[in-house]
file start.cif (mmCIF, C-alpha atoms)
data_run
loop_
_atom_site.group_PDB
_atom_site.id
_atom_site.type_symbol
_atom_site.label_atom_id
_atom_site.label_comp_id
_atom_site.auth_asym_id
_atom_site.auth_seq_id
_atom_site.Cartn_x
_atom_site.Cartn_y
_atom_site.Cartn_z
ATOM 1 C CA MET O 2 -2.726 26.460 40.500
ATOM 2 C CA LYS O 3 -3.921 25.654 36.949
ATOM 3 C CA GLN O 4 -0.333 25.002 35.850
ATOM 4 C CA ILE O 5 0.145 22.598 38.753
ATOM 5 C CA PHE O 6 -2.939 20.595 37.695
ATOM 6 C CA ILE O 7 -1.749 20.440 34.073
ATOM 7 C CA ALA O 8 1.701 19.278 35.134
ATOM 8 C CA THR O 9 0.124 16.617 37.364
ATOM 9 C CA PHE O 10 -2.115 15.349 34.545
ATOM 10 C CA LEU O 11 0.839 15.136 32.185
ATOM 11 C CA ALA O 12 2.914 13.266 34.741
ATOM 12 C CA LEU O 13 0.105 10.774 35.294
ATOM 13 C CA GLY O 14 -0.577 10.392 31.561
ATOM 14 C CA LEU O 15 -4.183 11.490 31.994
ATOM 15 C CA PHE O 16 -4.321 13.481 28.765
ATOM 16 C CA ALA O 17 -5.415 11.181 25.966
ATOM 17 C CA GLN O 18 -3.120 10.764 22.974
ATOM 18 C CA GLU O 19 -4.439 11.822 19.604
ATOM 19 C CA ILE O 20 -5.938 8.904 17.684
ATOM 20 C CA TYR O 21 -5.600 8.759 13.898
ATOM 21 C CA LYS O 22 -7.627 6.353 11.775
ATOM 22 C CA VAL O 23 -5.501 4.510 9.211
ATOM 23 C CA GLY O 24 -7.331 3.142 6.186
ATOM 24 C CA LEU O 25 -5.917 0.183 4.271
ATOM 25 C CA SER O 26 -6.826 -2.789 2.109
ATOM 26 C CA PRO O 27 -5.281 -5.824 3.853
ATOM 27 C CA ASP O 28 -4.751 -7.940 0.738
ATOM 28 C CA PHE O 29 -1.463 -6.429 -0.388
ATOM 29 C CA PRO O 30 1.426 -8.539 0.936
ATOM 30 C CA PRO O 31 4.055 -7.690 2.026
ATOM 31 C CA PHE O 32 2.744 -4.131 2.627
ATOM 32 C CA GLU O 33 -0.402 -5.065 4.567
ATOM 33 C CA TYR O 34 -2.143 -8.424 4.822
ATOM 34 C CA MET O 35 -3.885 -10.761 7.256
ATOM 35 C CA GLU O 36 -1.903 -13.232 9.327
ATOM 36 C CA ASN O 37 -3.445 -15.130 12.244
ATOM 37 C CA ASP O 38 -6.408 -12.713 12.238
ATOM 38 C CA GLU O 39 -4.070 -9.725 12.556
ATOM 39 C CA ILE O 40 -3.146 -7.081 9.989
ATOM 40 C CA VAL O 41 0.604 -7.124 9.467
ATOM 41 C CA GLY O 42 3.070 -5.977 6.816
ATOM 42 C CA PHE O 43 5.878 -3.573 6.039
ATOM 43 C CA GLU O 44 3.808 -0.432 5.610
ATOM 44 C CA ILE O 45 1.519 -0.852 8.609
ATOM 45 C CA ASP O 46 4.524 -1.791 10.759
ATOM 46 C CA LEU O 47 6.237 1.392 9.576
ATOM 47 C CA VAL O 48 3.165 3.476 10.440
ATOM 48 C CA ARG O 49 2.978 1.886 13.895
ATOM 49 C CA GLU O 50 6.639 2.692 14.552
ATOM 50 C CA ILE O 51 6.118 6.265 13.358
ATOM 51 C CA ALA O 52 3.107 6.591 15.671
ATOM 52 C CA LYS O 53 5.241 5.523 18.643
ATOM 53 C CA GLU O 54 7.874 8.087 17.701
ATOM 54 C CA LEU O 55 5.257 10.854 17.406
ATOM 55 C CA ASN O 56 3.454 9.737 20.577
ATOM 56 C CA ILE O 57 0.144 9.302 18.780
ATOM 57 C CA LYS O 58 -2.258 6.379 18.601
ATOM 58 C CA ILE O 59 -3.632 4.792 15.463
ATOM 59 C CA GLU O 60 -6.765 2.792 14.730
ATOM 60 C CA VAL O 61 -6.648 0.534 11.683
ATOM 61 C CA ILE O 62 -9.718 0.662 9.419
ATOM 62 C CA PRO O 63 -9.812 -2.118 6.761
ATOM 63 C CA MET O 64 -11.672 -1.266 3.556
ATOM 64 C CA SER O 65 -11.540 -1.781 -0.198
ATOM 65 C CA PHE O 66 -8.714 0.035 -1.970
ATOM 66 C CA ASP O 67 -11.006 1.954 -4.316
ATOM 67 C CA GLY O 68 -12.820 3.530 -1.336
ATOM 68 C CA LEU O 69 -9.735 4.850 0.466
ATOM 69 C CA ILE O 70 -9.427 8.328 -1.071
ATOM 70 C CA LEU O 71 -13.167 8.974 -0.701
ATOM 71 C CA ALA O 72 -12.945 7.912 2.960
ATOM 72 C CA LEU O 73 -10.005 10.276 3.446
ATOM 73 C CA LYS O 74 -11.818 13.188 1.765
ATOM 74 C CA SER O 75 -14.931 12.593 3.894
ATOM 75 C CA LYS O 76 -12.735 12.425 7.033
ATOM 76 C CA LYS O 77 -13.735 8.886 7.897
ATOM 77 C CA ILE O 78 -10.002 8.155 8.033
ATOM 78 C CA ASP O 79 -6.954 10.364 8.562
ATOM 79 C CA ILE O 80 -4.218 8.339 6.854
ATOM 80 C CA ILE O 81 -3.946 5.895 3.951
ATOM 81 C CA ALA O 82 -1.290 3.195 4.322
ATOM 82 C CA SER O 83 -2.132 0.771 1.534
ATOM 83 C CA GLY O 84 0.616 0.571 -1.062
ATOM 84 C CA MET O 85 -0.648 3.722 -2.773
ATOM 85 C CA SER O 86 1.563 5.229 -5.468
ATOM 86 C CA TYR O 87 1.804 8.936 -6.204
ATOM 87 C CA THR O 88 -0.045 10.316 -9.207
ATOM 88 C CA PRO O 89 -0.799 13.974 -10.050
ATOM 89 C CA LYS O 90 -4.515 13.130 -10.106
ATOM 90 C CA ARG O 91 -4.443 11.625 -6.614
ATOM 91 C CA ALA O 92 -2.285 14.499 -5.349
ATOM 92 C CA LYS O 93 -5.181 16.877 -6.056
ATOM 93 C CA ASN O 94 -7.148 15.121 -3.305
ATOM 94 C CA VAL O 95 -4.507 14.017 -0.769
ATOM 95 C CA GLU O 96 -1.139 14.980 0.701
ATOM 96 C CA PHE O 97 1.542 12.400 -0.104
ATOM 97 C CA SER O 98 4.552 11.551 2.028
ATOM 98 C CA ASN O 99 7.950 11.125 0.477
ATOM 99 C CA PRO O 100 8.173 7.686 -1.218
ATOM 100 C CA ILE O 101 8.689 4.806 1.186
ATOM 101 C CA ILE O 102 9.374 2.309 -1.618
ATOM 102 C CA GLU O 103 10.421 2.746 -5.243
ATOM 103 C CA SER O 104 8.901 0.080 -7.446
ATOM 104 C CA GLU O 105 7.474 -1.137 -10.753
ATOM 105 C CA ASN O 106 4.516 -3.075 -12.108
ATOM 106 C CA HIS O 107 4.856 -6.811 -12.702
ATOM 107 C CA TYR O 108 2.682 -8.664 -15.202
ATOM 108 C CA ILE O 109 1.946 -12.222 -14.048
ATOM 109 C CA LYS O 110 0.730 -15.215 -16.072
ATOM 110 C CA LEU O 111 0.704 -19.000 -15.823
ATOM 111 C CA LYS O 112 3.988 -20.565 -16.891
ATOM 112 C CA SER O 113 1.974 -22.763 -19.239
ATOM 113 C CA ASN O 114 0.616 -19.706 -21.075
ATOM 114 C CA LYS O 115 2.979 -19.539 -24.070
ATOM 115 C CA LYS O 116 1.168 -16.762 -25.934
ATOM 116 C CA LEU O 117 2.278 -14.023 -23.524
ATOM 117 C CA ASN O 118 6.001 -13.308 -23.308
ATOM 118 C CA SER O 119 6.144 -9.501 -23.536
ATOM 119 C CA LEU O 120 3.967 -6.382 -23.472
ATOM 120 C CA LYS O 121 3.917 -6.478 -27.260
ATOM 121 C CA ASP O 122 2.116 -9.815 -27.150
ATOM 122 C CA LEU O 123 -0.815 -8.166 -25.351
ATOM 123 C CA GLU O 124 -1.744 -6.333 -28.546
ATOM 124 C CA LYS O 125 -2.822 -9.685 -30.005
ATOM 125 C CA GLY O 126 -5.566 -9.811 -27.374
ATOM 126 C CA ALA O 127 -5.592 -10.717 -23.679
ATOM 127 C CA ILE O 128 -7.779 -10.493 -20.591
ATOM 128 C CA LEU O 129 -5.789 -9.033 -17.705
ATOM 129 C CA GLY O 130 -6.789 -8.540 -14.089
ATOM 130 C CA ALA O 131 -6.108 -5.604 -11.789
ATOM 131 C CA GLN O 132 -7.483 -4.186 -8.564
ATOM 132 C CA ILE O 133 -10.133 -1.484 -8.963
ATOM 133 C CA GLY O 134 -8.842 2.052 -8.426
ATOM 134 C CA THR O 135 -5.156 1.205 -8.835
ATOM 135 C CA LEU O 136 -2.464 2.447 -11.197
ATOM 136 C CA GLN O 137 -2.413 -1.060 -12.628
ATOM 137 C CA ALA O 138 -6.102 -0.810 -13.572
ATOM 138 C CA ASP O 139 -5.429 2.489 -15.329
ATOM 139 C CA GLU O 140 -2.402 1.075 -17.113
ATOM 140 C CA ILE O 141 -4.020 -2.010 -18.584
ATOM 141 C CA SER O 142 -7.065 0.017 -19.638
ATOM 142 C CA ASN O 143 -4.768 1.934 -21.975
ATOM 143 C CA ILE O 144 -3.063 -1.076 -23.587
ATOM 144 C CA LYS O 145 -4.296 -1.910 -27.048
ATOM 145 C CA GLY O 146 -5.755 -5.413 -27.250
ATOM 146 C CA VAL O 147 -6.296 -5.810 -23.490
ATOM 147 C CA VAL O 148 -9.719 -6.433 -21.955
ATOM 148 C CA PRO O 149 -9.514 -5.377 -18.267
ATOM 149 C CA PHE O 150 -10.867 -7.753 -15.628
ATOM 150 C CA LEU O 151 -11.224 -5.648 -12.479
ATOM 151 C CA ASN O 152 -11.989 -6.646 -8.908
ATOM 152 C CA SER O 153 -11.761 -4.950 -5.506
ATOM 153 C CA GLU O 154 -9.592 -7.838 -4.203
ATOM 154 C CA TYR O 155 -6.624 -9.787 -5.558
ATOM 155 C CA ILE O 156 -7.701 -13.339 -4.720
ATOM 156 C CA PRO O 157 -10.381 -13.440 -7.475
ATOM 157 C CA LEU O 158 -7.690 -12.352 -9.947
ATOM 158 C CA VAL O 159 -5.386 -15.130 -8.764
ATOM 159 C CA LEU O 160 -8.103 -17.792 -8.931
ATOM 160 C CA SER O 161 -9.342 -16.580 -12.317
ATOM 161 C CA THR O 162 -5.801 -16.880 -13.701
ATOM 162 C CA LEU O 163 -5.322 -20.345 -12.232
ATOM 163 C CA ASN O 164 -8.661 -21.443 -13.712
ATOM 164 C CA GLY O 165 -7.875 -20.018 -17.144
ATOM 165 C CA LYS O 166 -10.693 -17.481 -17.027
ATOM 166 C CA ILE O 167 -8.211 -14.638 -17.606
ATOM 167 C CA ASP O 168 -4.679 -14.535 -19.023
ATOM 168 C CA GLY O 169 -3.014 -12.939 -16.017
ATOM 169 C CA PHE O 170 -2.972 -9.927 -13.738
ATOM 170 C CA VAL O 171 -0.845 -6.919 -12.849
ATOM 171 C CA LEU O 172 0.371 -5.701 -9.469
ATOM 172 C CA GLU O 173 3.207 -3.909 -7.721
ATOM 173 C CA ALA O 174 6.559 -5.714 -7.765
ATOM 174 C CA ALA O 175 6.889 -6.528 -4.052
ATOM 175 C CA VAL O 176 3.355 -7.899 -3.965
ATOM 176 C CA ALA O 177 3.948 -9.835 -7.175
ATOM 177 C CA LYS O 178 6.988 -11.413 -5.545
ATOM 178 C CA SER O 179 4.850 -12.820 -2.740
ATOM 179 C CA TYR O 180 2.354 -14.327 -5.183
ATOM 180 C CA THR O 181 4.982 -15.920 -7.443
ATOM 181 C CA LYS O 182 6.590 -17.332 -4.307
ATOM 182 C CA ASN O 183 3.334 -18.853 -3.055
ATOM 183 C CA TYR O 184 2.096 -20.076 -6.449
ATOM 184 C CA ASP O 185 4.653 -22.123 -8.389
ATOM 185 C CA ASP O 186 2.522 -21.961 -11.554
ATOM 186 C CA PHE O 187 2.976 -18.175 -11.843
ATOM 187 C CA GLU O 188 5.752 -16.177 -13.493
ATOM 188 C CA VAL O 189 6.397 -12.539 -14.421
ATOM 189 C CA PHE O 190 6.414 -11.903 -18.167
ATOM 190 C CA ALA O 191 6.693 -8.092 -18.307
ATOM 191 C CA LYS O 192 7.577 -5.073 -16.147
ATOM 192 C CA THR O 193 6.822 -1.346 -16.314
ATOM 193 C CA PRO O 194 8.027 1.538 -14.082
ATOM 194 C CA ILE O 195 5.711 3.300 -11.608
ATOM 195 C CA ALA O 196 5.998 6.164 -9.133
ATOM 196 C CA GLY O 197 7.017 5.422 -5.549
ATOM 197 C CA THR O 198 4.667 4.051 -2.900
ATOM 198 C CA CYS O 199 3.667 6.715 -0.371
ATOM 199 C CA ILE O 200 1.570 7.259 2.739
ATOM 200 C CA ALA O 201 -1.345 9.657 2.153
ATOM 201 C CA PHE O 202 -3.021 12.244 4.399
ATOM 202 C CA GLN O 203 -6.027 14.539 4.236
ATOM 203 C CA LYS O 204 -5.554 17.410 1.796
ATOM 204 C CA GLY O 205 -4.131 20.411 3.640
ATOM 205 C CA ASN O 206 -2.779 18.419 6.592
ATOM 206 C CA THR O 207 0.820 19.255 5.761
ATOM 207 C CA LYS O 208 1.829 19.148 9.424
ATOM 208 C CA LEU O 209 1.033 15.449 9.818
ATOM 209 C CA ARG O 210 2.642 14.741 6.446
ATOM 210 C CA ASP O 211 5.796 16.611 7.442
ATOM 211 C CA ASP O 212 5.889 14.921 10.858
ATOM 212 C CA PHE O 213 5.751 11.520 9.125
ATOM 213 C CA ASN O 214 8.430 12.541 6.616
ATOM 214 C CA ASN O 215 10.740 13.653 9.410
ATOM 215 C CA VAL O 216 10.381 10.344 11.243
ATOM 216 C CA ILE O 217 10.819 8.341 8.035
ATOM 217 C CA ASN O 218 14.083 10.203 7.404
ATOM 218 C CA LYS O 219 15.157 9.499 10.984
ATOM 219 C CA PHE O 220 14.366 5.796 10.581
ATOM 220 C CA LYS O 221 16.356 5.649 7.349
ATOM 221 C CA ASN O 222 19.369 7.040 9.224
ATOM 222 C CA ASP O 223 19.107 4.991 12.431
ATOM 223 C CA GLY O 224 18.498 1.569 10.853
ATOM 224 C CA THR O 225 14.828 1.156 11.779
ATOM 225 C CA TYR O 226 13.722 1.427 8.146
ATOM 226 C CA LEU O 227 16.273 -1.149 6.978
ATOM 227 C CA LYS O 228 15.194 -3.625 9.652
ATOM 228 C CA LEU O 229 11.586 -3.393 8.463
ATOM 229 C CA LEU O 230 12.665 -3.851 4.855
ATOM 230 C CA GLN O 231 14.654 -6.945 5.828
ATOM 231 C CA LYS O 232 11.762 -8.321 7.912
ATOM 232 C CA TYR O 233 9.599 -8.425 4.782
ATOM 233 C CA ASN O 234 12.363 -9.259 2.272
ATOM 234 C CA LEU O 235 12.143 -5.852 0.624
ATOM 235 C CA ASP O 236 15.801 -4.879 0.954
#

call {"tool": "encode", "arguments": {"input": "start.cif", "output": "structure tokens"}}
result
Amino acid sequence: MKQIFIATFLALGLFAQEIYKVGLSPDFPPFEYMENDEIVGFEIDLVREIAKELNIKIEVIPMSFDGLILALKSKKIDIIASGMSYTPKRAKNVEFSNPIIESENHYIKLKSNKKLNSLKDLEKGAILGAQIGTLQADEISNIKGVVPFLNSEYIPLVLSTLNGKIDGFVLEAAVAKSYTKNYDDFEVFAKTPIAGTCIAFQKGNTKLRDDFNNVINKFKNDGTYLKLLQKYNLD
């Protein structure tokens, strides 16, 4: 009799799907950003498609980037989908998926700023912006001659560059592309390699990580991944 009830509940969809909380900072186009009061972007779209494939539900939790790993460790969220790159230090606290994007850092300045044309020029002295808690913040903190200007969001970095308060800022290549497209006064003056962008999970949750990896591989083979790349001009 018990088996009959279970079968009936399954047929009627009465068992609730698992719900996973996805933390992200929605100021990182084209990975995740606000459009018409909705969070959209390549990475969150990918996570939503993976959730459909795994028959799970997700709840998006916007927050500052520098609070994501702490929120994951304290189990306030289950997944990070926020343009996060792999580092050995971060890997001590989270489980990383296989890379979903290979990338590099782009250094942006005003076209009118003639004193910066290469990384070498930074040694003469420069104020550079980066988002708190990012690889970019770590990188510029280790460049001789650079005074870091850090903020939890990118817009203050953009405005401070436009107003001449700082010399420029650093971000991931795909995101940099969106800013140089939207602001004609900006240009990239230097590039450095970085590790791939990944989705992150609570430390020890290798099952969810592996489930995501399996679906990502499937999407790369069936064309779903390519369509998402093309949607956000990442191909």

call {"tool": "closest_residue", "arguments": {"input": "start.cif", "among": "O:Val176, O:Ala127, O:Ile156, O:Ile45", "to": "Cys199 in chain O", "atoms": "only C-alpha atoms"}}
result
O:Ile45

call {"tool": "resolve_selection", "arguments": {"input": "start.cif", "expression": "the PyMOL selection byres ((chain O and resi 194) around 10)", "output": "PDB file with C-alpha atoms, in the coordinates of the input"}}
result
ATOM      1  CA  GLU O 103      10.421   2.746  -5.243  1.00  0.00           C
ATOM      2  CA  SER O 104       8.901   0.080  -7.446  1.00  0.00           C
ATOM      3  CA  GLU O 105       7.474  -1.137 -10.753  1.00  0.00           C
ATOM      4  CA  ASN O 106       4.516  -3.075 -12.108  1.00  0.00           C
ATOM      5  CA  HIS O 107       4.856  -6.811 -12.702  1.00  0.00           C
ATOM      6  CA  GLU O 173       3.207  -3.909  -7.721  1.00  0.00           C
ATOM      7  CA  ALA O 174       6.559  -5.714  -7.765  1.00  0.00           C
ATOM      8  CA  LYS O 192       7.577  -5.073 -16.147  1.00  0.00           C
ATOM      9  CA  THR O 193       6.822  -1.346 -16.314  1.00  0.00           C
ATOM     10  CA  ILE O 195       5.711   3.300 -11.608  1.00  0.00           C
ATOM     11  CA  ALA O 196       5.998   6.164  -9.133  1.00  0.00           C
ATOM     12  CA  GLY O 197       7.017   5.422  -5.549  1.00  0.00           C
TER      13      GLY O 197
END

call {"tool": "resolve_selection", "arguments": {"input": "start.cif", "expression": "the PyMOL selection byres ((chain O and resi 67) around 7)", "output": "PyMOL selection string"}}
result
chain O and resi 65-66+68-69+133-134

call {"tool": "resolve_selection", "arguments": {"input": "start.cif", "expression": "the PyMOL selection byres ((chain O and resi 220) around 12)", "output": "VMD selection string"}}
result
chain O and resid 47 to 48 50 to 51 54 101 213 to 219 221 to 230

call {"tool": "write_last_selection", "arguments": {"input": "start.cif", "atoms": "C-alpha atoms", "output": "compact mmCIF listing (two decimals), keeping the file's coordinate frame"}}
result
# COMPACT_ATOMS: atom_id res chain seq x y z
CA LEU O 47 6.24 1.39 9.58
CA VAL O 48 3.16 3.48 10.44
CA GLU O 50 6.64 2.69 14.55
CA ILE O 51 6.12 6.26 13.36
CA GLU O 54 7.87 8.09 17.70
CA ILE O 101 8.69 4.81 1.19
CA PHE O 213 5.75 11.52 9.12
CA ASN O 214 8.43 12.54 6.62
CA ASN O 215 10.74 13.65 9.41
CA VAL O 216 10.38 10.34 11.24
CA ILE O 217 10.82 8.34 8.04
CA ASN O 218 14.08 10.20 7.40
CA LYS O 219 15.16 9.50 10.98
CA LYS O 221 16.36 5.65 7.35
CA ASN O 222 19.37 7.04 9.22
CA ASP O 223 19.11 4.99 12.43
CA GLY O 224 18.50 1.57 10.85
CA THR O 225 14.83 1.16 11.78
CA TYR O 226 13.72 1.43 8.15
CA LEU O 227 16.27 -1.15 6.98
CA LYS O 228 15.19 -3.62 9.65
CA LEU O 229 11.59 -3.39 8.46
CA LEU O 230 12.66 -3.85 4.86

call {"tool": "residues_around", "arguments": {"input": "start.cif", "residues": "Tyr180 in chain O", "least_positions_apart": "5", "cutoff": "12 Å", "atoms": "only C-alpha atoms", "output": "ChimeraX atom specification"}}
result
/O:28-31,107-111,155-156,158-160,170-175,185-189

call {"tool": "write_last_selection", "arguments": {"input": "start.cif", "atoms": "C-alpha atoms", "output": "CSV table (one decimal), in the coordinates of the input"}}
result
chain,number,residue,atom,x,y,z
O,28,ASP,CA,-4.8,-7.9,0.7
O,29,PHE,CA,-1.5,-6.4,-0.4
O,30,PRO,CA,1.4,-8.5,0.9
O,31,PRO,CA,4.1,-7.7,2.0
O,107,HIS,CA,4.9,-6.8,-12.7
O,108,TYR,CA,2.7,-8.7,-15.2
O,109,ILE,CA,1.9,-12.2,-14.0
O,110,LYS,CA,0.7,-15.2,-16.1
O,111,LEU,CA,0.7,-19.0,-15.8
O,155,TYR,CA,-6.6,-9.8,-5.6
O,156,ILE,CA,-7.7,-13.3,-4.7
O,158,LEU,CA,-7.7,-12.4,-9.9
O,159,VAL,CA,-5.4,-15.1,-8.8
O,160,LEU,CA,-8.1,-17.8,-8.9
O,170,PHE,CA,-3.0,-9.9,-13.7
O,171,VAL,CA,-0.8,-6.9,-12.8
O,172,LEU,CA,0.4,-5.7,-9.5
O,173,GLU,CA,3.2,-3.9,-7.7
O,174,ALA,CA,6.6,-5.7,-7.8
O,175,ALA,CA,6.9,-6.5,-4.1
O,185,ASP,CA,4.7,-22.1,-8.4
O,186,ASP,CA,2.5,-22.0,-11.6
O,187,PHE,CA,3.0,-18.2,-11.8
O,188,GLU,CA,5.8,-16.2,-13.5
O,189,VAL,CA,6.4,-12.5,-14.4

call {"tool": "residues_around", "arguments": {"input": "start.cif", "residues": "Ile40 in chain O", "least_positions_apart": "5", "cutoff": "12 Å", "atoms": "all atoms listed in the file", "output": "list of chain:residue names"}}
result
O:Val23, O:Gly24, O:Leu25, O:Ser26, O:Pro27, O:Asp28, O:Phe29, O:Pro30, O:Pro31, O:Phe32, O:Glu33, O:Tyr34, O:Met35, O:Ile45, O:Asp46, O:Arg49, O:Glu60, O:Val61, O:Ile62, O:Pro63, O:Ala82, O:Ser83

call {"tool": "atom_distance", "arguments": {"input": "start.cif", "atom1": "CA of Asp122 in chain O", "atom2": "CA of Ile144 in chain O"}}
result
10.8 Å

call {"tool": "axis_aligned_box", "arguments": {"input": "start.cif", "around": "range 65-71 of chain O", "padding_each_side": "3 Å", "output": "JSON"}}
result
{"center_x": -10.9, "center_y": 3.6, "center_z": -1.9, "size_x": 10.5, "size_y": 16.8, "size_z": 10.8}

call {"tool": "closest_residue", "arguments": {"input": "start.cif", "among": "O:Ile20, O:Ala138, O:Ala52, O:Leu129", "to": "Lys166 in chain O", "atoms": "all atoms listed in the file"}}
result
O:Leu129

call {"tool": "residues_around", "arguments": {"input": "start.cif", "residues": "Pro149 in chain O", "least_positions_apart": "5", "cutoff": "8 Å", "atoms": "all atoms listed in the file", "output": "number ranges by chain"}}
result
O: 128-131, 138, 141-142

call {"tool": "write_last_selection", "arguments": {"input": "start.cif", "atoms": "C-alpha atoms", "output": "PDB file, in the coordinates of the input"}}
result
ATOM      1  CA  ILE O 128      -7.779 -10.493 -20.591  1.00  0.00           C
ATOM      2  CA  LEU O 129      -5.789  -9.033 -17.705  1.00  0.00           C
ATOM      3  CA  GLY O 130      -6.789  -8.540 -14.089  1.00  0.00           C
ATOM      4  CA  ALA O 131      -6.108  -5.604 -11.789  1.00  0.00           C
ATOM      5  CA  ALA O 138      -6.102  -0.810 -13.572  1.00  0.00           C
ATOM      6  CA  ILE O 141      -4.020  -2.010 -18.584  1.00  0.00           C
ATOM      7  CA  SER O 142      -7.065   0.017 -19.638  1.00  0.00           C
TER       8      SER O 142
END

call {"tool": "closest_residue", "arguments": {"input": "start.cif", "among": "O:Tyr233, O:Phe190, O:Tyr184, O:Phe202", "to": "Lys74 in chain O", "atoms": "only C-alpha atoms"}}
result
O:Phe202

call {"tool": "atom_distance", "arguments": {"input": "start.cif", "atom1": "CA of Lys145 in chain O", "atom2": "CA of Lys121 in chain O"}}
result
9.4 Å

call {"tool": "closest_residue", "arguments": {"input": "start.cif", "among": "O:Arg210, O:Lys204, O:Lys178, O:Lys232", "to": "Leu55 in chain O", "atoms": "only C-alpha atoms"}}
result
O:Arg210

call {"tool": "atom_distance", "arguments": {"input": "start.cif", "atom1": "CA of Gly169 in chain O", "atom2": "CA of Gln132 in chain O"}}
result
12.3 Å

call {"tool": "closest_residue", "arguments": {"input": "start.cif", "among": "O:Asn164, O:Lys93, O:Tyr87, O:Ala191", "to": "Asn118 in chain O", "atoms": "only C-alpha atoms"}}
result
O:Ala191

call {"tool": "closest_residue", "arguments": {"input": "start.cif", "among": "O:Ile80, O:Asn99, O:Ala72, O:Ile59", "to": "Thr198 in chain O", "atoms": "only C-alpha atoms"}}
result
O:Asn99

call {"tool": "build_atoms", "arguments": {"input": "start.cif", "residues": "range 120-131 of chain O", "atoms": "N, CA and C atoms", "output": "CSV table (one decimal), in the frame of the given file"}}
result
chain,number,residue,atom,x,y,z
O,120,LEU,N,5.1,-7.3,-23.3
O,120,LEU,CA,4.0,-6.4,-23.5
O,120,LEU,C,3.4,-6.3,-24.9
O,121,LYS,N,4.3,-6.5,-25.9
O,121,LYS,CA,3.9,-6.5,-27.3
O,121,LYS,C,2.9,-7.6,-27.6
O,122,ASP,N,3.0,-8.7,-26.9
O,122,ASP,CA,2.1,-9.8,-27.2
O,122,ASP,C,0.7,-9.5,-26.7
O,123,LEU,N,0.5,-8.5,-25.8
O,123,LEU,CA,-0.8,-8.2,-25.4
O,123,LEU,C,-1.7,-7.6,-26.5
O,124,GLU,N,-1.0,-7.0,-27.5
O,124,GLU,CA,-1.7,-6.3,-28.5
O,124,GLU,C,-2.5,-7.4,-29.4
O,125,LYS,N,-2.1,-8.6,-29.3
O,125,LYS,CA,-2.8,-9.7,-30.0
O,125,LYS,C,-4.1,-10.1,-29.3
O,126,GLY,N,-4.3,-9.5,-28.1
O,126,GLY,CA,-5.6,-9.8,-27.4
O,126,GLY,C,-5.3,-10.6,-26.1
O,127,ALA,N,-5.8,-10.1,-25.0
O,127,ALA,CA,-5.6,-10.7,-23.7
O,127,ALA,C,-6.6,-10.1,-22.7
O,128,ILE,N,-7.0,-11.0,-21.7
O,128,ILE,CA,-7.8,-10.5,-20.6
O,128,ILE,C,-6.9,-10.4,-19.4
O,129,LEU,N,-6.7,-9.2,-18.8
O,129,LEU,CA,-5.8,-9.0,-17.7
O,129,LEU,C,-6.5,-8.5,-16.5
O,130,GLY,N,-6.2,-9.0,-15.3
O,130,GLY,CA,-6.8,-8.5,-14.1
O,130,GLY,C,-6.0,-7.5,-13.4
O,131,ALA,N,-6.7,-6.6,-12.6
O,131,ALA,CA,-6.1,-5.6,-11.8
O,131,ALA,C,-7.1,-5.2,-10.7
